[in-house]
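Down below is the structure, laid out as C-alpha cells.
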2 protein chains.
Amino acid sequence: MKSPVSKVAVGVDLGGTSIKAGIVSTGGALLYQNKFPANADGGPSKVIKQIAASVRDALEHTNGANVKGIGIGAPGVVDDEGVVKGPPNFMDWDEVPLKAKLSQLFPGVTIGIENDANAAAIAESRFGAGVHLPNFLFVIWGTGVGGGIILNHKIYRGPTGGAGEIGHISINYTGPQCNCGNIGCVEAYVGQRYLSSRTAERLKSHPESKILELVGGDPTKIEPMYISQAAHDGDALAREILVEAGEQLGVALAAVMNIMDLRISIIGGGISAAGDFVIHAIRDSVVRHVLKPLRKDIQVLPAQLGNNAGILGAAGLVL
Amino acid sequence: MKSPVSKVAVGVDLGGTSIKAGIVSTGGALLYQNKFPANADGGPSKVIKQIAASVRDALEHTNGANVKGIGIGAPGVVDDEGVVKGPPNFMDWDEVPLKAKLSQLFPGVTIGIENDANAAAIAESRFGAGVHLPNFLFVIWGTGVGGGIILNHKIYRGPTGGAGEIGHISINYTGPQCNCGNIGCVEAYVGQRYLSSRTAERLKSHPESKILELVGGDPTKIEPMYISQAAHDGDALAREILVEAGEQLGVALAAVMNIMDLRISIIGGGISAAGDFVIHAIRDSVVRHVLKPLRKDIQVLPAQLGNNAGILGAAGLVL
C-alpha cells in the first residue's frame with residue numbers, strides 16, 4: 001500500500017522591503033523558505049515579477065509533494081476579488097488585481113490573497129496560539145498596530161475586506177494627531193514612530209538607560225526593537241515605557257472585546273517579544289476597561305509563530 | 001380561490017417600567033398595541049406573569065390572523081438558549097431562562113428572545129431605515145448608549161450574545177469615570193445622567209436658555225428629552241450641548257466602523273429625535289475620525305421606527 005502523497009502549499013509574505021516565500025505542510029511546518037527584494041519602488045509590474053520569482057523558486061523545493069495552491073499575504077486592503085488596494089510604501093500602486101495577474105502566470109493553480117495582518121491571524125488560528133480558540137482578536141504590534149478578527153475559526157473580513165483596523169481606534173479624542181488624520185489613535189501612542197520619539201524624550205532625564213547604549217548613543221536611531229531588547233535585559237526605563245504602552249493598547253483592545261463580544265487577544269509583532277511583562281500589562285488594562293461580565297474570561301496571549309506567521313497564514317489560505 | 005391567511009406575530013418590548021406587546025404583520029404594520037406595568041421590583045416570577053398577561057391580551061386582537069410566534073426584546077445579555085442575564089433595574093434577576101418559562105406558558109408556540117437594542121436594530125433592518133442596507137450599526141441613544149450590529153441583513157450577536165456594547169468604548173482613557181468601572185466611556189459623556197449634569201452646570205452661565213423654563217426652573221429635573229425639546233425649538237445652549245455630544249458619540253462610532261469595516265450608522269433613541277443637526281454633528285465627527293478609505297461612504301441616518309422599534313423588532317424575530 002502506498003502512503004498518501006503529502007500535500008503542501010506555497011505561502012508568500014509580501015512586504016514593502018522583501019518578499020518571503022515558503023513551502024508549508026498541511027500541519028503548518030515550514031519546509032523551505034526564501035527571501036527576495038520586493039522592488040516596491042519599481043511599481044506593480046516589478047513587484048509581481050519578484051513574487052513570481054519567489055514562488056517559482058519555492059516550487060523547486062517541494063520534494064515532490066502535491067502543491068495545493070499559492071497563498072499571498074499583502075499589505076493594504078484586499079477585496080473579495082483579490083484586488084490589493086493602497087499598500088503603504090508601494091510606488092504607483094493604487095488598485096492592482098494581484099490574484100488575476102498571478103492566475104495568468106500560474107494557470108490552473110489555486111490562488112488565495114489576504115491582507116497581511118489577516119493572514120497572520122489565520123496562521124495563529126490554524127497553527128499557533130489560537131488553534132483551540134474559535135474566537136479571538138489577533139494584534140500585530142510593530143511599526144503600526146494592526147489586527148485580524150477570528151470568528152468561529154474563520155477570518156472576519158467585513159463587507160469590503162477592510163476589517164480589523166484596530167490601530168486607529170481613538171483612545172483619547174483630545175489626544176495627539178495621528179498620521180491617518182484621526183486624533184488620539186492608539187497607534188499614535190504605541191506605534192513605532194511615536195514610541196521611539198517618546199523614548200528619546202524620556203532618555204534626556206534617564207541617561208543611565210541601556211537603550212542609549214544599544215543605539216550607539218544616537219537617540220534618532222531608537223526603534224522599538226531596541227526598547228524591547230533593553231526591557232528584556234531588565235532596563236527600568238524601557239520596561240516603564242512598554243508597560244505604559246501596553247496599558248494604552250489595552251484600552252483599544254477592550255473596545256473591540258465590548259463591541260464584538262470577544263474575550264481573547266493574541267499579541268504578535270516585534271514589540272510583543274519584549275517579555276511577559278508587556279503581555280501582563282496589556283491584560284491588566286483590558287480587564288480594567290471591559291464590561292464587567294467579560295472580565296473574568298479575558299485572556300491576552302503571546303503569538304507563537306513570530307516572523308513566520310505571514311508565510312504560514314498565506315499558505316493557510318489554500319491549505 | 002381563497003386569499004392566503006394573513007400572518008402576524010406578537011412582539012413584546014420588555015422594559016424596566018412597562019411591558020409593551022403588539023400584533024405585527026409580516027410587512028411590519030403594528031396592528032394592535034398594549035402596555036402593562038413590568039413589576040420589575042417584584043422579581044422574575046411577577047415579571048413573567050405580566051409578560052404572559054400582555055401576550056394573552058395581544059392574542060385576543062389578532063383578528064383571526066395566523067400567529068407565527070412570540071418575540072421578546074429584553075434588556076441585559078440574552079444567550080443562545082434564551083436565558084436573560086443581568087437586566088438593569090430588574091430585582092433579583094441574575095439569570096432567568098425566559099424562553100423556557102414562556103414555552104411552558106405557551107406550549108407549541110415559536111418563541112424568540114433577543115437583547116432589546118438588537119431587537120430594535122432588527123426592526124430598522126426589516127422595516128425601517130435599514131431595509132436596503134445589508135450592513136450597518138444601529139445606535140440607541142437615550143438613557144445610555146446601546147447598539148446592534150447588522151451584518152448581511154442579520155444581527156451579529158457575538159459568541160455569547162453580548163455584542164454591540166458600544167456605550168462603553170472609551171473615547172478618552174484619561175477622562176471621567178463611568179458607572180461600568182471603565183474610564184472615559186462614550187456613555188459617560190453623552191448618556192442621560194452625564195448629559196443632564198453637564199447641562200445643569202452650563203445653565204449657570206446661560207440663564208437665558210429655554211431648558212430652564214422646560215424643567216420649571218429646577219435644574220435637577222433636567223433630562224435629555226428637555227434638552228432635545230429646547231434644541232428642537234432653536235435654543236442655542238441646547239444645540240451647543242447636543243452638537244458636542246454628537247461629536248463625542250461620533251468618535252466611538254468611528255471606532256466601530258474601522259474595526260468592523262462598516263460605513264453606515266442608524267441613530268435611534270430619544271435624543272436622536274432632537275433634529276437633523278444632531279445627525280449632522282455625528283456624521284461630521286465619524287467622517288473626521290474614520291480611516292481615509294471609508295470617509296466618502298460614511299452615512300449617518302436617523303432611525304425611522306421611533307418607540308415602536310422594540311415591539312417591531314421583537315416580532316421580527318419570529319416573522
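Each chain in the C-alpha cells gets a letter, A, B and so on, in the order shown; residues start at 1 in every chain, and ligands are counted from 1 in the order they appear.
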Open item on the list: Set the distance at 12 Å and use only C-alpha atoms: which residues neighbour A:Ala188 once local chain neighbours fewer than 3 positions away are removed? I'd like the list as a ChimeraX atom specification.
Closed with: /A:143-145,166-173,175-185,191-198,245,248-249,252
Task: Test item: residues at most 10 Å from B:Gly250, only C-alpha atoms, excluding those fewer than 6 positions along its chain, as number ranges by chain - done: B: 171, 186, 244, 256, 265, 279, 281-290, 300
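Excluding stretch 51-58 of chain A itself and any same-chain residue fewer than 3 positions from it, the protein and nucleic acid residues within 6 Å of it, counting only C-alpha atoms, are Ala21, Gly22, Ile48 and His61 of chain A.
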Open item on the list: Just list as a PyMOL selection string whatever in stretch 168-209 of chain B DSSP marks as alpha helix (DSSP H).
Closed with: chain B and resi 187-190+192-203
Open item on the list: as a PyMOL selection string, please: the residues near A:Ile267 (cut-off 9 Å, only C-alpha atoms, same-chain neighbours under 3 positions excluded).
Closed with: chain A and resi 137-141+272+279+300-303
Open item on the list: Given only C-alpha atoms as the basis, pick out the residue of A:Ile70, A:Ile149, A:Ala231, A:Leu214 nearest to chain B.
Closed with: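 Of the candidates, the smallest distance to chain B is held by A:Ile149.
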For A:Lys35, work out the shell of residues within 7 Å, counting only C-alpha atoms and skipping chain neighbours fewer than 3 positions away, then give it as a tab-separated table (two decimals) with N, CA and C atoms, in the first residue's frame.
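For reference, out.tsv as written:
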```tsv
chain	number	residue	atom	x	y	z
A	18	SER	N	10.90	43.28	1.45
A	18	SER	CA	11.23	41.98	0.87
A	18	SER	C	9.99	41.09	0.73
A	19	ILE	N	10.15	40.10	-0.13
A	19	ILE	CA	9.12	39.09	-0.33
A	19	ILE	C	9.69	37.78	0.20
A	20	LYS	N	8.95	37.16	1.12
A	20	LYS	CA	9.39	35.87	1.62
A	20	LYS	C	8.40	34.82	1.16
A	21	ALA	N	8.90	33.76	0.54
A	21	ALA	CA	8.01	32.68	0.12
A	21	ALA	C	8.49	31.39	0.77
```
- [ ] Mind giving me the straight-line distance from atom CA of B:Pro293 to atom CA of A:Glu165 in Å, one decimal?
- [x]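 Between these atoms lies a distance of 11.6 Å.
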- [ ] Kindly give the distance, in Å, that separates atom CA of B:His153 and atom CA of A:Arg263, rounded to a single decimal.
- [x]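 Pair atom CA of B:His153 / atom CA of A:Arg263 returns 25.0 Å.
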Task: Pick from A:Asp94, A:Glu60, A:Glu124, A:Glu114 nearest to chain B, counting only C-alpha atoms - done: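 Once distances to chain B are computed over only C-alpha atoms, the minimum belongs to A:Asp94.
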Task: Residues within 7 Å of B:Asp235, only C-alpha atoms, excluding chain neighbours under 3 positions, as a ChimeraX atom specification - done: /B:209-210,230-231,238-239
Task: Interatomic distance (Å, one decimal) between atom CA of A:Gln304 and atom CA of A:Glu247 - done: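 Between atom CA of A:Gln304 and atom CA of A:Glu247 the gap works out to 21.5 Å.
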Open item on the list: Between A:Pro224, A:Gly42, A:Gly306, A:Gly112, which residue has the minimum interatomic distance to A:Gly142, considering only C-alpha atoms?
Closed with: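 When distances to A:Gly142 are compared using only C-alpha atoms, the smallest one comes from A:Pro224.
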Open item on the list: Need to verify the contact set: B:Glu95, 7 Å, only C-alpha atoms, exclusion of same-chain residues closer than 4 positions in sequence. Can you return it as a list in words?
Closed with: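 Residues near the query, excluding close chain neighbours: Val83, Val84, Lys85 and Gly86 of chain B.
Closest approach to B:Gly161 among A:Ser6, A:Asn258, A:Gly16, A:Ala65: A:Asn258, based on only C-alpha atoms.
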Task: Secondary structure check, strand (DSSP E or B) residues of stretch 8-245 of chain A, as a ChimeraX atom specification - done: /A:8-14,18-25,30-37,66-74,77-78,84-85,95-96,111-115,136-141,145-151,154-156,170,172,177,183,185
What does the file look like for those residues with C-alpha atoms, as a compact mmCIF listing (two decimals), in the first residue's frame?
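The resulting part.txt:
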```
# COMPACT_ATOMS: atom_id res chain seq x y z
CA VAL A 8 1.91 21.42 0.77
CA ALA A 9 1.19 25.00 -0.23
CA VAL A 10 3.29 27.97 -1.21
CA GLY A 11 2.92 30.86 1.25
CA VAL A 12 4.09 34.34 0.25
CA ASP A 13 4.62 37.20 2.69
CA LEU A 14 4.69 40.39 0.63
CA SER A 18 11.23 41.98 0.87
CA ILE A 19 9.12 39.09 -0.33
CA LYS A 20 9.39 35.87 1.62
CA ALA A 21 8.01 32.68 0.12
CA GLY A 22 7.94 29.24 1.69
CA ILE A 23 6.71 25.69 1.36
CA VAL A 24 4.27 24.84 4.15
CA SER A 25 2.86 21.42 5.03
CA LEU A 30 7.73 25.50 7.16
CA LEU A 31 9.71 23.11 4.93
CA TYR A 32 11.57 25.70 2.88
CA GLN A 33 11.90 29.47 2.86
CA ASN A 34 13.43 32.09 0.59
CA LYS A 35 13.69 35.89 0.52
CA PHE A 36 13.63 38.20 -2.49
CA PRO A 37 13.79 42.00 -2.69
CA ASN A 66 1.39 17.75 -4.12
CA VAL A 67 1.01 21.57 -4.22
CA LYS A 68 -2.49 22.70 -3.22
CA GLY A 69 -2.03 26.30 -4.26
CA ILE A 70 -0.36 29.64 -3.68
CA GLY A 71 -1.39 31.95 -0.85
CA ILE A 72 -0.31 35.59 -0.55
CA GLY A 73 -0.42 37.91 2.43
CA ALA A 74 -0.30 41.52 1.21
CA VAL A 77 -6.92 46.32 1.77
CA VAL A 78 -7.58 43.10 -0.16
CA VAL A 84 -4.88 44.80 -3.48
CA LYS A 85 -5.65 48.44 -2.66
CA GLU A 95 -5.52 49.15 -7.02
CA VAL A 96 -3.87 46.07 -8.53
CA ILE A 111 -4.52 31.30 -5.59
CA GLY A 112 -5.62 32.94 -2.33
CA ILE A 113 -4.87 36.53 -1.31
CA GLU A 114 -5.49 38.14 2.05
CA ASN A 115 -4.42 41.22 3.98
CA PHE A 136 -10.16 35.91 19.17
CA LEU A 137 -8.58 39.17 18.15
CA PHE A 138 -5.09 38.90 16.71
CA VAL A 139 -2.97 42.02 17.19
CA ILE A 140 0.21 42.80 15.33
CA TRP A 141 2.17 45.41 17.25
CA VAL A 145 -0.86 48.39 15.17
CA GLY A 146 -2.90 46.04 13.00
CA GLY A 147 -5.40 43.35 13.69
CA GLY A 148 -7.29 40.36 12.42
CA ILE A 149 -10.53 39.07 13.87
CA ILE A 150 -11.18 35.34 14.04
CA LEU A 151 -14.82 34.34 14.48
CA LYS A 154 -12.58 31.96 10.30
CA ILE A 155 -11.29 35.42 9.50
CA TYR A 156 -13.88 38.21 9.71
CA SER A 170 -9.04 56.70 19.22
CA ASN A 172 -8.33 59.93 23.52
CA GLN A 177 -2.78 63.84 15.95
CA ILE A 183 -6.98 62.23 16.83
CA CYS A 185 -5.38 56.78 17.73
```
TODO: Between A:Gly316, A:Pro87, A:Gly28, A:Pro44, single out the one closest to chain B, counting only C-alpha atoms.
DONE: A:Pro87
